[in-house]
>>> print(open('entry_20.cif').read())   # mmCIF, C-alpha atoms and all ligand atoms
data_entry
#
loop_
_atom_site.label_atom_id
_atom_site.label_comp_id
_atom_site.auth_asym_id
_atom_site.auth_seq_id
_atom_site.Cartn_x
_atom_site.Cartn_y
_atom_site.Cartn_z
CA MET A 1 24.15 4.21 -43.70
CA THR A 2 24.36 0.45 -43.14
CA SER A 3 21.79 -2.13 -44.26
CA GLU A 4 21.35 -3.34 -40.65
CA PHE A 5 19.88 -0.03 -39.44
CA ASP A 6 17.41 2.34 -41.03
CA CYS A 7 19.28 5.40 -39.79
CA PRO A 8 22.84 6.73 -40.22
CA VAL A 9 25.67 5.32 -38.07
CA VAL A 10 28.40 7.79 -37.11
CA ASN A 11 31.42 6.91 -34.93
CA GLY A 12 29.75 3.76 -33.55
CA LYS A 13 26.53 5.57 -32.73
CA LEU A 14 23.11 5.38 -34.32
CA ILE A 15 21.71 8.73 -35.33
CA SER A 16 18.15 8.02 -34.30
CA LYS A 17 15.12 10.21 -34.91
CA ALA A 18 13.34 11.06 -31.64
CA LEU A 19 10.66 13.32 -30.18
CA THR A 20 12.61 15.62 -27.88
CA TYR A 21 12.43 18.90 -25.95
CA THR A 22 14.74 20.96 -23.88
CA SER A 23 11.99 23.06 -22.35
CA PHE A 24 8.20 23.26 -22.50
CA TRP A 25 8.10 25.33 -25.69
CA ASN A 26 10.23 23.32 -28.10
CA LEU A 27 8.88 19.79 -28.46
CA GLY A 28 9.88 18.48 -31.89
CA ILE A 29 11.63 15.79 -33.90
CA SER A 30 15.41 15.83 -33.77
CA ASN A 31 18.34 13.44 -34.07
CA ILE A 32 19.92 11.82 -31.01
CA ALA A 33 22.98 9.56 -30.80
CA ILE A 34 22.43 6.04 -29.45
CA PRO A 35 25.61 4.03 -28.68
CA LEU A 36 25.90 0.64 -30.38
CA ASN A 37 28.06 -0.89 -27.65
CA ILE A 38 25.34 -2.11 -25.31
CA LYS A 39 26.02 -3.86 -21.98
CA ASP A 40 25.50 -7.59 -21.35
CA ASP A 41 22.16 -7.04 -19.61
CA GLU A 42 20.79 -4.60 -22.23
CA ILE A 43 18.95 -4.80 -25.53
CA LEU A 44 18.90 -2.39 -28.46
CA VAL A 45 15.34 -2.07 -29.74
CA ARG A 46 14.06 -0.66 -33.03
CA VAL A 47 10.85 0.93 -31.75
CA LYS A 48 7.86 0.30 -34.02
CA ALA A 49 5.11 1.98 -31.99
CA VAL A 50 4.66 4.07 -28.85
CA SER A 51 1.58 5.35 -27.06
CA ILE A 52 1.00 8.63 -25.27
CA ASN A 53 0.14 8.70 -21.57
CA PRO A 54 -1.08 11.61 -19.43
CA ILE A 55 2.19 11.36 -17.47
CA ASP A 56 4.17 12.14 -20.67
CA ILE A 57 2.22 15.36 -21.03
CA LEU A 58 2.66 16.19 -17.35
CA VAL A 59 6.41 15.59 -17.47
CA GLN A 60 6.82 17.79 -20.53
CA ARG A 61 4.70 20.51 -18.90
CA LEU A 62 6.94 20.32 -15.84
CA SER A 63 9.92 21.18 -18.05
CA ILE A 64 8.57 24.74 -18.00
CA PHE A 65 10.81 25.06 -14.93
CA PHE A 66 13.92 24.06 -16.94
CA ILE A 67 16.05 26.22 -19.14
CA GLY A 68 19.24 25.25 -20.94
CA SER A 69 20.12 22.84 -23.70
CA TYR A 70 19.71 19.50 -21.90
CA ARG A 71 17.70 17.36 -24.33
CA LYS A 72 14.94 15.14 -22.97
CA VAL A 73 13.26 12.35 -24.92
CA TYR A 74 9.47 12.01 -24.75
CA GLY A 75 7.50 8.86 -23.91
CA GLY A 76 7.47 5.71 -21.76
CA ASP A 77 5.45 2.99 -23.51
CA PHE A 78 7.10 1.15 -26.39
CA ALA A 79 6.87 -1.89 -28.66
CA GLY A 80 9.51 -2.99 -31.13
CA ILE A 81 12.04 -5.55 -32.28
CA VAL A 82 15.35 -6.47 -30.63
CA ILE A 83 18.20 -5.56 -32.98
CA LYS A 84 21.08 -6.31 -30.63
CA SER A 85 20.98 -8.31 -27.40
CA GLY A 86 23.41 -8.60 -24.50
CA LEU A 87 24.32 -12.16 -23.44
CA LYS A 88 22.64 -11.77 -20.04
CA SER A 89 19.61 -9.79 -21.22
CA GLY A 90 17.27 -12.80 -21.54
CA TYR A 91 16.42 -11.80 -25.13
CA VAL A 92 17.77 -12.65 -28.58
CA ASN A 93 17.94 -10.63 -31.79
CA GLY A 94 14.59 -10.67 -33.56
CA ASP A 95 12.46 -10.93 -30.41
CA SER A 96 9.41 -8.67 -30.46
CA VAL A 97 9.24 -6.81 -27.15
CA TYR A 98 7.02 -4.28 -25.41
CA GLY A 99 7.13 -2.45 -22.14
CA TYR A 100 7.10 0.73 -20.12
CA ARG A 101 10.02 2.76 -18.87
CA LEU A 102 9.49 5.68 -16.56
CA ALA A 103 12.34 8.10 -17.11
CA PRO A 104 10.91 11.57 -16.48
CA LEU A 105 12.78 14.58 -17.81
CA SER A 106 15.66 12.43 -19.04
CA PHE A 107 17.34 11.23 -22.24
CA ASN A 108 15.78 7.79 -21.67
CA GLY A 109 12.27 8.39 -23.04
CA THR A 110 11.05 5.82 -25.56
CA TYR A 111 9.71 8.03 -28.37
CA SER A 112 12.74 7.29 -30.53
CA GLN A 113 13.58 5.10 -33.53
CA TYR A 114 16.08 3.20 -31.38
CA ILE A 115 16.28 2.76 -27.60
CA ILE A 116 18.50 0.81 -25.23
CA ILE A 117 16.62 -1.03 -22.51
CA ASN A 118 17.78 -2.98 -19.48
CA PRO A 119 14.76 -5.31 -19.20
CA LYS A 120 15.42 -6.16 -15.56
CA LYS A 121 15.67 -2.53 -14.48
CA THR A 122 12.59 -1.37 -16.37
CA ILE A 123 9.12 -1.10 -14.78
CA PHE A 124 7.94 -3.60 -17.36
CA CYS A 125 9.46 -5.37 -20.39
CA ASP A 126 8.44 -8.66 -21.96
CA LYS A 127 8.13 -10.52 -25.26
CA ILE A 128 4.97 -9.64 -27.18
CA PRO A 129 2.48 -12.52 -26.89
CA ASN A 130 1.28 -14.25 -30.06
CA GLY A 131 -1.68 -12.57 -31.72
CA ILE A 132 -0.77 -9.06 -30.52
CA ILE A 133 0.54 -6.52 -33.04
CA TYR A 134 2.99 -3.68 -32.26
CA GLU A 135 0.26 -1.02 -32.04
CA GLN A 136 -1.65 -3.04 -29.43
CA ALA A 137 1.50 -3.94 -27.52
CA ALA A 138 2.60 -0.29 -27.40
CA SER A 139 -0.79 0.67 -25.99
CA LEU A 140 -1.04 -1.58 -23.01
CA SER A 141 1.96 -1.53 -20.67
CA CYS A 142 1.54 1.65 -18.60
CA VAL A 143 -2.25 1.65 -18.32
CA GLY A 144 -2.57 -2.15 -18.17
CA ALA A 145 0.06 -2.49 -15.45
CA THR A 146 -1.56 0.37 -13.52
CA GLY A 147 -5.03 -1.24 -13.76
CA TYR A 148 -3.56 -4.54 -12.64
CA GLY A 149 -1.40 -3.04 -9.90
CA ILE A 150 -4.20 -1.05 -8.33
CA LEU A 151 -6.44 -4.13 -8.18
CA LYS A 152 -3.60 -6.07 -6.58
CA GLN A 153 -3.22 -3.26 -4.06
CA GLY A 154 -6.96 -3.41 -3.33
CA LEU A 155 -6.70 -7.16 -2.86
CA THR A 156 -3.73 -6.83 -0.57
CA LEU A 157 -5.51 -4.25 1.58
CA ASN A 158 -8.56 -6.50 1.56
CA GLY A 159 -7.63 -8.44 4.70
CA THR A 160 -8.37 -11.96 3.47
CA ASN A 161 -5.41 -11.55 1.11
CA LYS A 162 -3.08 -9.50 3.32
CA ASN A 163 -0.29 -12.02 2.90
CA ILE A 164 -0.39 -12.00 -0.88
CA SER A 165 3.18 -12.52 -2.07
CA LYS A 166 4.64 -10.35 -4.80
CA ASP A 167 4.72 -13.24 -7.25
CA LYS A 168 1.28 -14.65 -6.48
CA ASP A 169 -0.97 -15.36 -9.45
CA LEU A 170 -4.19 -13.44 -8.81
CA LYS A 171 -6.37 -15.65 -11.02
CA GLY A 172 -9.82 -16.05 -9.48
CA LEU A 173 -8.92 -14.13 -6.32
CA LEU A 174 -11.85 -11.71 -6.57
CA LYS A 175 -14.39 -14.51 -6.53
CA GLY A 176 -17.34 -13.49 -4.36
CA LYS A 177 -16.23 -9.82 -4.28
CA LYS A 178 -18.09 -6.71 -5.40
CA ILE A 179 -15.97 -4.02 -7.01
CA PHE A 180 -16.75 -0.42 -7.95
CA ILE A 181 -14.56 1.27 -10.58
CA SER A 182 -14.91 5.02 -11.00
CA GLY A 183 -13.88 5.94 -14.57
CA ALA A 184 -13.98 2.63 -16.46
CA GLY A 185 -13.85 4.71 -19.67
CA THR A 186 -10.24 5.62 -18.89
CA SER A 187 -7.63 3.30 -20.33
CA VAL A 188 -6.53 2.33 -16.81
CA GLY A 189 -10.13 1.67 -15.79
CA SER A 190 -10.86 -0.41 -18.89
CA TYR A 191 -7.98 -2.74 -17.96
CA ALA A 192 -8.89 -2.82 -14.26
CA LEU A 193 -12.40 -3.85 -15.31
CA GLN A 194 -11.14 -6.64 -17.59
CA PHE A 195 -8.71 -8.01 -15.02
CA ALA A 196 -11.31 -7.87 -12.24
CA LYS A 197 -14.00 -9.60 -14.23
CA LYS A 198 -12.24 -11.89 -16.70
CA TYR A 199 -9.08 -12.85 -14.82
CA MET A 200 -9.81 -12.48 -11.12
CA ASN A 201 -13.46 -13.52 -11.49
CA ALA A 202 -15.07 -10.73 -9.43
CA ASP A 203 -18.71 -11.44 -8.68
CA LYS A 204 -19.97 -8.01 -9.68
CA VAL A 205 -18.21 -4.99 -11.14
CA VAL A 206 -20.10 -1.70 -11.10
CA VAL A 207 -18.52 1.17 -13.04
CA THR A 208 -18.98 4.76 -14.11
CA CYS A 209 -18.43 5.90 -17.69
CA ALA A 210 -20.15 8.18 -20.21
CA ALA A 211 -23.16 6.86 -22.13
CA ARG A 212 -21.11 6.96 -25.36
CA SER A 213 -18.86 4.20 -23.97
CA TYR A 214 -21.61 1.88 -22.67
CA ASN A 215 -21.21 -0.79 -25.39
CA GLU A 216 -17.44 -1.08 -25.10
CA ILE A 217 -17.54 -1.12 -21.31
CA GLU A 218 -20.32 -3.69 -21.21
CA ASN A 219 -18.26 -5.90 -23.54
CA LEU A 220 -15.33 -5.65 -21.15
CA GLY A 221 -17.50 -7.21 -18.43
CA ALA A 222 -19.27 -4.46 -16.44
CA ASP A 223 -22.37 -5.67 -14.59
CA LEU A 224 -23.83 -2.22 -13.99
CA ILE A 225 -22.87 1.04 -15.66
CA ILE A 226 -23.61 4.47 -14.21
CA ASP A 227 -23.33 7.52 -16.47
CA TYR A 228 -21.07 9.96 -14.61
CA THR A 229 -21.98 12.79 -17.00
CA GLN A 230 -25.34 13.07 -15.23
CA GLY A 231 -23.44 14.58 -12.30
CA ASN A 232 -22.27 13.44 -8.89
CA PHE A 233 -25.70 13.67 -7.27
CA GLN A 234 -27.26 11.20 -9.72
CA THR A 235 -24.17 8.91 -9.64
CA ILE A 236 -24.25 8.68 -5.84
CA ASN A 237 -27.99 8.05 -5.83
CA GLU A 238 -27.62 5.16 -8.27
CA LEU A 239 -24.75 3.73 -6.24
CA LEU A 240 -26.76 3.95 -3.00
CA GLU A 241 -29.69 2.24 -4.72
CA TYR A 242 -27.38 -0.57 -5.86
CA VAL A 243 -25.85 -0.98 -2.41
CA LYS A 244 -29.30 -1.06 -0.75
CA ILE A 245 -30.19 -4.13 -2.81
CA ASN A 246 -26.81 -5.86 -3.22
CA GLY A 247 -24.76 -4.81 -0.21
CA LYS A 248 -21.62 -2.69 0.12
CA PHE A 249 -18.54 -3.00 -2.11
CA ASP A 250 -15.39 -4.89 -1.08
CA ILE A 251 -13.05 -2.73 -3.15
CA ILE A 252 -13.41 0.73 -4.72
CA ILE A 253 -10.96 1.80 -7.44
CA ASP A 254 -10.99 5.46 -8.44
CA CYS A 255 -9.23 6.09 -11.77
CA VAL A 256 -10.30 9.74 -12.08
CA ARG A 257 -9.85 11.16 -8.55
CA ASN A 258 -13.55 11.84 -8.15
CA GLU A 259 -13.30 12.41 -4.42
CA ILE A 260 -17.03 12.77 -3.90
CA PHE A 261 -16.95 9.02 -3.19
CA LEU A 262 -14.76 9.63 -0.14
CA ASP A 263 -17.69 11.44 1.48
CA TYR A 264 -19.91 8.37 1.04
CA LEU A 265 -17.47 5.57 1.93
CA ASP A 266 -19.40 4.67 5.09
CA LEU A 267 -22.48 4.01 2.98
CA ILE A 268 -20.97 2.24 -0.04
CA LEU A 269 -17.79 0.43 1.13
CA LYS A 270 -17.44 -2.36 3.68
CA ASP A 271 -15.45 -1.18 6.66
CA LYS A 272 -11.99 -2.37 7.74
CA THR A 273 -13.32 -5.19 9.87
CA ALA A 274 -14.91 -6.62 6.70
CA ASN A 275 -11.75 -5.76 4.67
CA GLY A 276 -13.20 -2.88 2.64
CA ALA A 277 -10.47 -1.12 0.59
CA TYR A 278 -10.47 2.19 -1.30
CA CYS A 279 -7.67 2.80 -3.84
CA GLN A 280 -7.21 5.99 -5.83
CA ILE A 281 -4.82 6.38 -8.76
CA TYR A 282 -2.36 9.19 -8.35
CA GLY A 283 -3.18 11.49 -11.27
CA SER A 284 -4.92 14.59 -12.46
CA LYS A 285 -8.14 15.62 -10.75
CA SER A 286 -9.61 17.32 -13.80
CA MET A 287 -8.20 14.80 -16.33
CA LYS A 288 -7.65 17.71 -18.76
CA ILE A 289 -3.94 17.36 -18.35
CA LEU A 290 -2.94 19.84 -21.07
CA THR A 291 -4.76 22.75 -19.54
CA CYS A 292 -5.29 22.09 -15.82
CA SER A 293 -3.04 23.75 -13.24
CA LEU A 294 0.18 21.84 -12.56
CA PHE A 295 -0.47 22.08 -8.82
CA SER A 296 -3.79 20.24 -9.20
CA ILE A 297 -1.81 17.29 -10.55
CA ILE A 298 1.26 17.32 -8.37
CA LEU A 299 -0.29 18.16 -5.04
CA PRO A 300 -2.67 15.80 -3.26
CA SER A 301 -6.10 17.26 -2.57
CA PHE A 302 -7.22 18.49 0.84
CA HIS A 303 -9.54 15.49 0.97
CA SER A 304 -6.83 12.89 0.42
CA ILE A 305 -4.45 14.63 2.87
CA LYS A 306 -7.21 14.51 5.47
CA PHE A 307 -7.73 10.79 4.80
CA LYS A 308 -3.97 10.11 4.95
CA ILE A 309 -3.70 11.84 8.32
CA PHE A 310 -6.73 10.00 9.68
CA GLN A 311 -5.17 6.76 8.43
CA MET A 312 -1.85 7.52 10.19
CA PHE A 313 -3.69 7.84 13.47
CA GLY A 314 -5.83 4.73 12.84
CA LEU A 315 -8.99 6.83 12.65
CA LEU A 316 -10.22 5.57 9.26
CA LYS A 317 -12.96 3.00 9.09
CA HIS A 318 -11.68 1.75 5.71
CA ASN A 319 -8.38 0.76 4.15
CA PHE A 320 -7.18 3.70 2.05
CA TYR A 321 -4.38 3.87 -0.54
CA ILE A 322 -3.14 6.20 -3.27
CA TYR A 323 -1.52 4.11 -5.99
CA LYS A 324 1.51 4.87 -8.18
CA LEU A 325 2.65 2.41 -10.84
CA HIS A 326 5.62 0.29 -9.80
CA TYR A 327 7.32 -2.88 -11.00
CA ASP A 328 5.23 -6.05 -10.75
CA SER A 329 6.73 -9.33 -11.87
CA THR A 330 3.40 -11.06 -12.54
CA PHE A 331 1.83 -8.59 -14.99
CA GLY A 332 3.46 -10.10 -18.10
CA SER A 333 2.19 -13.60 -17.35
CA VAL A 334 -1.37 -12.30 -16.86
CA ILE A 335 -1.25 -10.65 -20.29
CA LYS A 336 0.14 -13.87 -21.83
CA SER A 337 -2.56 -15.94 -20.18
CA MET A 338 -5.39 -13.64 -21.31
CA CYS A 339 -3.99 -13.47 -24.87
CA LYS A 340 -3.83 -17.28 -24.93
CA ASP A 341 -7.47 -17.49 -23.82
CA ASP A 342 -8.35 -14.71 -26.29
CA THR A 343 -9.99 -12.67 -23.54
CA LEU A 344 -7.83 -9.52 -23.60
CA GLU A 345 -9.13 -6.38 -25.31
CA THR A 346 -6.68 -3.56 -26.04
CA PRO A 347 -8.83 -0.43 -26.42
CA ILE A 348 -7.21 1.93 -28.96
CA ASP A 349 -8.75 5.32 -29.69
CA SER A 350 -6.61 6.39 -32.63
CA ILE A 351 -3.38 5.65 -34.49
CA TYR A 352 -1.07 8.39 -35.79
CA ARG A 353 2.00 8.76 -38.03
CA GLY A 354 4.54 9.28 -35.27
CA TRP A 355 7.00 11.62 -37.01
CA THR A 356 4.43 14.06 -38.36
CA ASP A 357 1.28 13.78 -36.24
CA TYR A 358 2.63 13.44 -32.68
CA ASP A 359 0.96 16.71 -31.70
CA LYS A 360 -2.47 15.37 -32.69
CA ALA A 361 -1.90 12.29 -30.52
CA ILE A 362 -0.85 14.46 -27.56
CA GLN A 363 -3.85 16.78 -28.01
CA ARG A 364 -6.15 13.75 -28.14
CA VAL A 365 -4.88 12.35 -24.84
CA GLY A 366 -4.86 15.83 -23.28
CA SER A 367 -8.53 16.31 -24.22
CA ALA A 368 -9.60 13.56 -21.75
CA LYS A 369 -11.96 12.36 -24.48
CA ALA A 370 -9.92 9.50 -25.94
CA SER A 371 -11.69 6.15 -25.65
CA GLY A 372 -8.57 4.03 -25.31
CA LYS A 373 -4.99 4.82 -26.25
CA ALA A 374 -3.51 7.20 -28.80
CA VAL A 375 -0.76 5.20 -30.55
CA CYS A 376 2.02 6.57 -32.78
CA ILE A 377 3.76 4.44 -35.39
CA LEU A 378 7.49 5.07 -35.71
N1 LIG B 1 -0.09 6.95 -10.95
C1 LIG B 1 0.15 6.16 -11.99
O1 LIG B 1 1.01 5.31 -11.91
C2 LIG B 1 -0.70 6.32 -13.22
C3 LIG B 1 -0.50 5.52 -14.34
C4 LIG B 1 -1.34 5.68 -15.44
C5 LIG B 1 -2.36 6.64 -15.38
N2 LIG B 1 -2.49 7.43 -14.28
C6 LIG B 1 -3.57 8.44 -14.16
O2 LIG B 1 -4.81 7.77 -14.29
C7 LIG B 1 -5.76 8.61 -14.90
C8 LIG B 1 -6.35 7.90 -16.11
O3 LIG B 1 -5.36 7.80 -17.13
P1 LIG B 1 -5.72 7.13 -18.54
O4 LIG B 1 -4.49 7.21 -19.38
O5 LIG B 1 -6.32 5.83 -18.31
O6 LIG B 1 -6.81 8.17 -19.06
P2 LIG B 1 -7.49 8.27 -20.50
O7 LIG B 1 -7.47 6.95 -21.20
O8 LIG B 1 -6.92 9.44 -21.23
O9 LIG B 1 -8.99 8.62 -20.07
C9 LIG B 1 -9.87 9.30 -20.93
C10 LIG B 1 -11.28 8.87 -20.58
O10 LIG B 1 -11.56 9.19 -19.23
C11 LIG B 1 -12.96 9.24 -19.04
N3 LIG B 1 -13.24 10.37 -18.14
C12 LIG B 1 -12.86 11.65 -18.30
N4 LIG B 1 -13.30 12.39 -17.26
C13 LIG B 1 -13.98 11.55 -16.44
C14 LIG B 1 -14.68 11.71 -15.21
N5 LIG B 1 -14.76 12.89 -14.62
N6 LIG B 1 -15.25 10.62 -14.63
C15 LIG B 1 -15.17 9.40 -15.22
N7 LIG B 1 -14.53 9.18 -16.39
C16 LIG B 1 -13.94 10.25 -16.99
C17 LIG B 1 -13.55 9.46 -20.43
O11 LIG B 1 -14.26 8.26 -20.77
P3 LIG B 1 -15.84 8.24 -21.01
O12 LIG B 1 -16.29 9.67 -20.99
O13 LIG B 1 -16.01 7.57 -22.31
O14 LIG B 1 -16.38 7.44 -19.89
C18 LIG B 1 -12.34 9.61 -21.35
O15 LIG B 1 -12.56 9.02 -22.62
C19 LIG B 1 -5.02 9.91 -15.25
O16 LIG B 1 -5.22 10.85 -14.23
C20 LIG B 1 -3.56 9.47 -15.27
O17 LIG B 1 -2.69 10.55 -15.00
C21 LIG B 1 -1.70 7.28 -13.19
#
>>> encode(input="entry_20.cif", output="structure tokens")
Amino acid sequence: MTSEFDCPVVNGKLISKALTYTSFWNLGISNIAIPLNIKDDEILVRVKAVSINPIDILVQRLSIFFIGSYRKVYGGDFAGIVIKSGLKSGYVNGDSVYGYRLAPLSFNGTYSQYIIINPKKTIFCDKIPNGIIYEQAASLSCVGATGYGILKQGLTLNGTNKNISKDKDLKGLLKGKKIFISGAGTSVGSYALQFAKKYMNADKVVVTCAARSYNEIENLGADLIIDYTQGNFQTINELLEYVKINGKFDIIIDCVRNEIFLDYLDLILKDKTANGAYCQIYGSKSMKILTCSLFSIILPSFHSIKFKIFQMFGLLKHNFYIYKLHYDSTFGSVIKSMCKDDTLETPIDSIYRGWTDYDKAIQRVGSAKASGKAVCIL
């Protein structure tokens, strides 16, 4: 044991506690060896907090197809402190960092006391802005970047902004636009709502969420809230009523794959000639990711295949896109800017002791009832 690290060091390697599995049945805490000799462009991070995402649960469920002793580390979101920094990493020892690394079914998950990160090769990594604590920072990268990325995709498909460059600041770019977000009670949706309203200045944002979340969602900026728990029939009726008075939407973002809206696009979304764009997040259809069939997550639905084919042949009246999170260089500066203006909310559902209560955090996210993120302190 050395004073520099809070874990044993053996033969130049840290013996770090981590949440690992080899197959679906044996998720648990074990020790993994993390080399101390990092490369010039890497940082060694003492992870302070992680959060659980539906994709973590999906990836671990997929390991049902794997047998053998190959150990995989859970998790993708992280927040922590830089313990060792390579000369070309852009960070120094003591920096507080947060980010998201997608490393499915590999040793490179982030649910570990110590991790090595190459900031430039990670989907997202940045210094934690002032005023944000580790638990908040660990909660926002994956869902925040997805909410931001899908809006950017909607904007890019929305013809007036077709030439949006990758590095373009999107501040104020939704001015005059009407947005509909299906599932603003999801973590992704709650960020999409905030970015649309508070950063990109959308004119109107209409959302669906359950009545229990009305207050939170109203505080995030929603102009009209429709309770999806009343059923699709009632939701569509309320949407049609809104559109009759206010006109069709410019962009529709679906965070919960409620494909009923696809059947009504002609009535609720502006068509291609007026730059109407529909974006769906690639994810589970039922949201109950612990219990739903794996095929319902992995495979696209009949509906979306039909739309994709129609799109290929130019037969769709609207722009149509299924979004998967990817690297975006501007996300970090948006978070910094909103933290500076004190306008960013980081919805957290619950905080857990990471080495003993990880299963409770996973069950909470898998229940599709968490209002915000489940965060684990390491
Ligand atoms: N492709 C990607 O890159 C990517 C990245 C991140 C997430 N995702 C996907 O995006 C989806 C959302 O993830 P998340 O982490 O944000 O979820 P989450 O925070 O776990 O969402 C839970 C919330 O969803 C709401 N909800 C559940 N069923 C709903 C329904 N049928 N209609 C509307 N709202 C419903 C509930 O809120 P209320 O009942 O309070 O309204 C619940 O509290 C998941 O399918 C996930 O896999 C994809």
>>> residues_around(input="entry_20.cif", residues="Val59 (chain A)", least_positions_apart="2", cutoff="12 Å", atoms="all atoms listed in the file", output="PDB file with C-alpha atoms, keeping the file's coordinate frame")
ATOM      1  CA  TYR A  21      12.430  18.900 -25.950  1.00  0.00           C
ATOM      2  CA  THR A  22      14.740  20.960 -23.880  1.00  0.00           C
ATOM      3  CA  SER A  23      11.990  23.060 -22.350  1.00  0.00           C
ATOM      4  CA  PHE A  24       8.200  23.260 -22.500  1.00  0.00           C
ATOM      5  CA  ILE A  52       1.000   8.630 -25.270  1.00  0.00           C
ATOM      6  CA  ASN A  53       0.140   8.700 -21.570  1.00  0.00           C
ATOM      7  CA  PRO A  54      -1.080  11.610 -19.430  1.00  0.00           C
ATOM      8  CA  ILE A  55       2.190  11.360 -17.470  1.00  0.00           C
ATOM      9  CA  ASP A  56       4.170  12.140 -20.670  1.00  0.00           C
ATOM     10  CA  ILE A  57       2.220  15.360 -21.030  1.00  0.00           C
ATOM     11  CA  ARG A  61       4.700  20.510 -18.900  1.00  0.00           C
ATOM     12  CA  LEU A  62       6.940  20.320 -15.840  1.00  0.00           C
ATOM     13  CA  SER A  63       9.920  21.180 -18.050  1.00  0.00           C
ATOM     14  CA  ILE A  64       8.570  24.740 -18.000  1.00  0.00           C
ATOM     15  CA  PHE A  65      10.810  25.060 -14.930  1.00  0.00           C
ATOM     16  CA  PHE A  66      13.920  24.060 -16.940  1.00  0.00           C
ATOM     17  CA  LYS A  72      14.940  15.140 -22.970  1.00  0.00           C
ATOM     18  CA  VAL A  73      13.260  12.350 -24.920  1.00  0.00           C
ATOM     19  CA  TYR A  74       9.470  12.010 -24.750  1.00  0.00           C
ATOM     20  CA  GLY A  75       7.500   8.860 -23.910  1.00  0.00           C
ATOM     21  CA  GLY A  76       7.470   5.710 -21.760  1.00  0.00           C
ATOM     22  CA  LEU A 102       9.490   5.680 -16.560  1.00  0.00           C
ATOM     23  CA  ALA A 103      12.340   8.100 -17.110  1.00  0.00           C
ATOM     24  CA  PRO A 104      10.910  11.570 -16.480  1.00  0.00           C
ATOM     25  CA  LEU A 105      12.780  14.580 -17.810  1.00  0.00           C
ATOM     26  CA  SER A 106      15.660  12.430 -19.040  1.00  0.00           C
ATOM     27  CA  GLY A 109      12.270   8.390 -23.040  1.00  0.00           C
ATOM     28  CA  ILE A 289      -3.940  17.360 -18.350  1.00  0.00           C
ATOM     29  CA  LEU A 290      -2.940  19.840 -21.070  1.00  0.00           C
ATOM     30  CA  LEU A 294       0.180  21.840 -12.560  1.00  0.00           C
ATOM     31  CA  ILE A 297      -1.810  17.290 -10.550  1.00  0.00           C
ATOM     32  CA  ILE A 298       1.260  17.320  -8.370  1.00  0.00           C
TER      33      ILE A 298
END
>>> closest_residue(input="entry_20.cif", among="A:Met338, A:Val97, A:Leu19, A:Ile181", to="ligand LIG 1 (chain B)", atoms="all atoms listed in the file")
A:Ile181
>>> closest_residue(input="entry_20.cif", among="A:Asn158, A:Ser304, A:Ser139, A:Ser165", to="ligand LIG 1 (chain B)", atoms="all atoms listed in the file")
A:Ser139
>>> closest_residue(input="entry_20.cif", among="A:Lys336, A:Lys272, A:Asp357, A:Arg46", to="Gly314 (chain A)", atoms="all atoms listed in the file")
A:Lys272
>>> closest_residue(input="entry_20.cif", among="A:Val47, A:Ala184, A:Val206, A:Leu58", to="Gln113 (chain A)", atoms="all atoms listed in the file")
A:Val47
>>> atom_distance(input="entry_20.cif", atom1="atom C2 of ligand LIG 1 (chain B)", atom2="CA of Thr122 (chain A)")
15.7 Å
>>> atom_distance(input="entry_20.cif", atom1="CA of Lys285 (chain A)", atom2="CA of Arg257 (chain A)")
5.3 Å
>>> axis_aligned_box(input="entry_20.cif", around="ligand LIG 1 (chain B)", padding_each_side="8 Å", output="AutoDock Vina command-line options")
--center_x -7.7 --center_y 9.1 --center_z -16.8 --size_x 33.4 --size_y 23.6 --size_z 27.7
>>> closest_residue(input="entry_20.cif", among="A:Lys177, A:Asp41, A:Thr330, A:Cys142", to="Asn201 (chain A)", atoms="all atoms listed in the file")
A:Lys177
>>> atom_distance(input="entry_20.cif", atom1="CA of Ser296 (chain A)", atom2="CA of Gly283 (chain A)")
9.0 Å
>>> residues_near_point(input="entry_20.cif", point="(-13.9, 1.6, -21.7)", cutoff="6 Å", atoms="all atoms listed in the file", output="JSON, numbers by chain")
{"A": [184, 185, 190, 216, 217]}
>>> write_last_selection(input="entry_20.cif", atoms="C-alpha atoms", output="PDB file, keeping the file's coordinate frame")
ATOM      1  CA  ALA A 184     -13.980   2.630 -16.460  1.00  0.00           C
ATOM      2  CA  GLY A 185     -13.850   4.710 -19.670  1.00  0.00           C
ATOM      3  CA  SER A 190     -10.860  -0.410 -18.890  1.00  0.00           C
ATOM      4  CA  GLU A 216     -17.440  -1.080 -25.100  1.00  0.00           C
ATOM      5  CA  ILE A 217     -17.540  -1.120 -21.310  1.00  0.00           C
TER       6      ILE A 217
END
>>> residues_around(input="entry_20.cif", residues="region 127-137 of chain A", least_positions_apart="3", cutoff="7 Å", atoms="all atoms listed in the file", output="PyMOL selection string")
chain A and resi 48-49+79-80+95-98+140+336+339+346+375
>>> write_last_selection(input="entry_20.cif", atoms="C-alpha atoms", output="compact mmCIF listing (two decimals), in the frame of the given file")
# COMPACT_ATOMS: atom_id res chain seq x y z
CA LYS A 48 7.86 0.30 -34.02
CA ALA A 49 5.11 1.98 -31.99
CA ALA A 79 6.87 -1.89 -28.66
CA GLY A 80 9.51 -2.99 -31.13
CA ASP A 95 12.46 -10.93 -30.41
CA SER A 96 9.41 -8.67 -30.46
CA VAL A 97 9.24 -6.81 -27.15
CA TYR A 98 7.02 -4.28 -25.41
CA LEU A 140 -1.04 -1.58 -23.01
CA LYS A 336 0.14 -13.87 -21.83
CA CYS A 339 -3.99 -13.47 -24.87
CA THR A 346 -6.68 -3.56 -26.04
CA VAL A 375 -0.76 5.20 -30.55
>>> closest_residue(input="entry_20.cif", among="A:Tyr264, A:Phe233, A:Tyr91, A:Phe195", to="Leu220 (chain A)", atoms="only C-alpha atoms")
A:Phe195
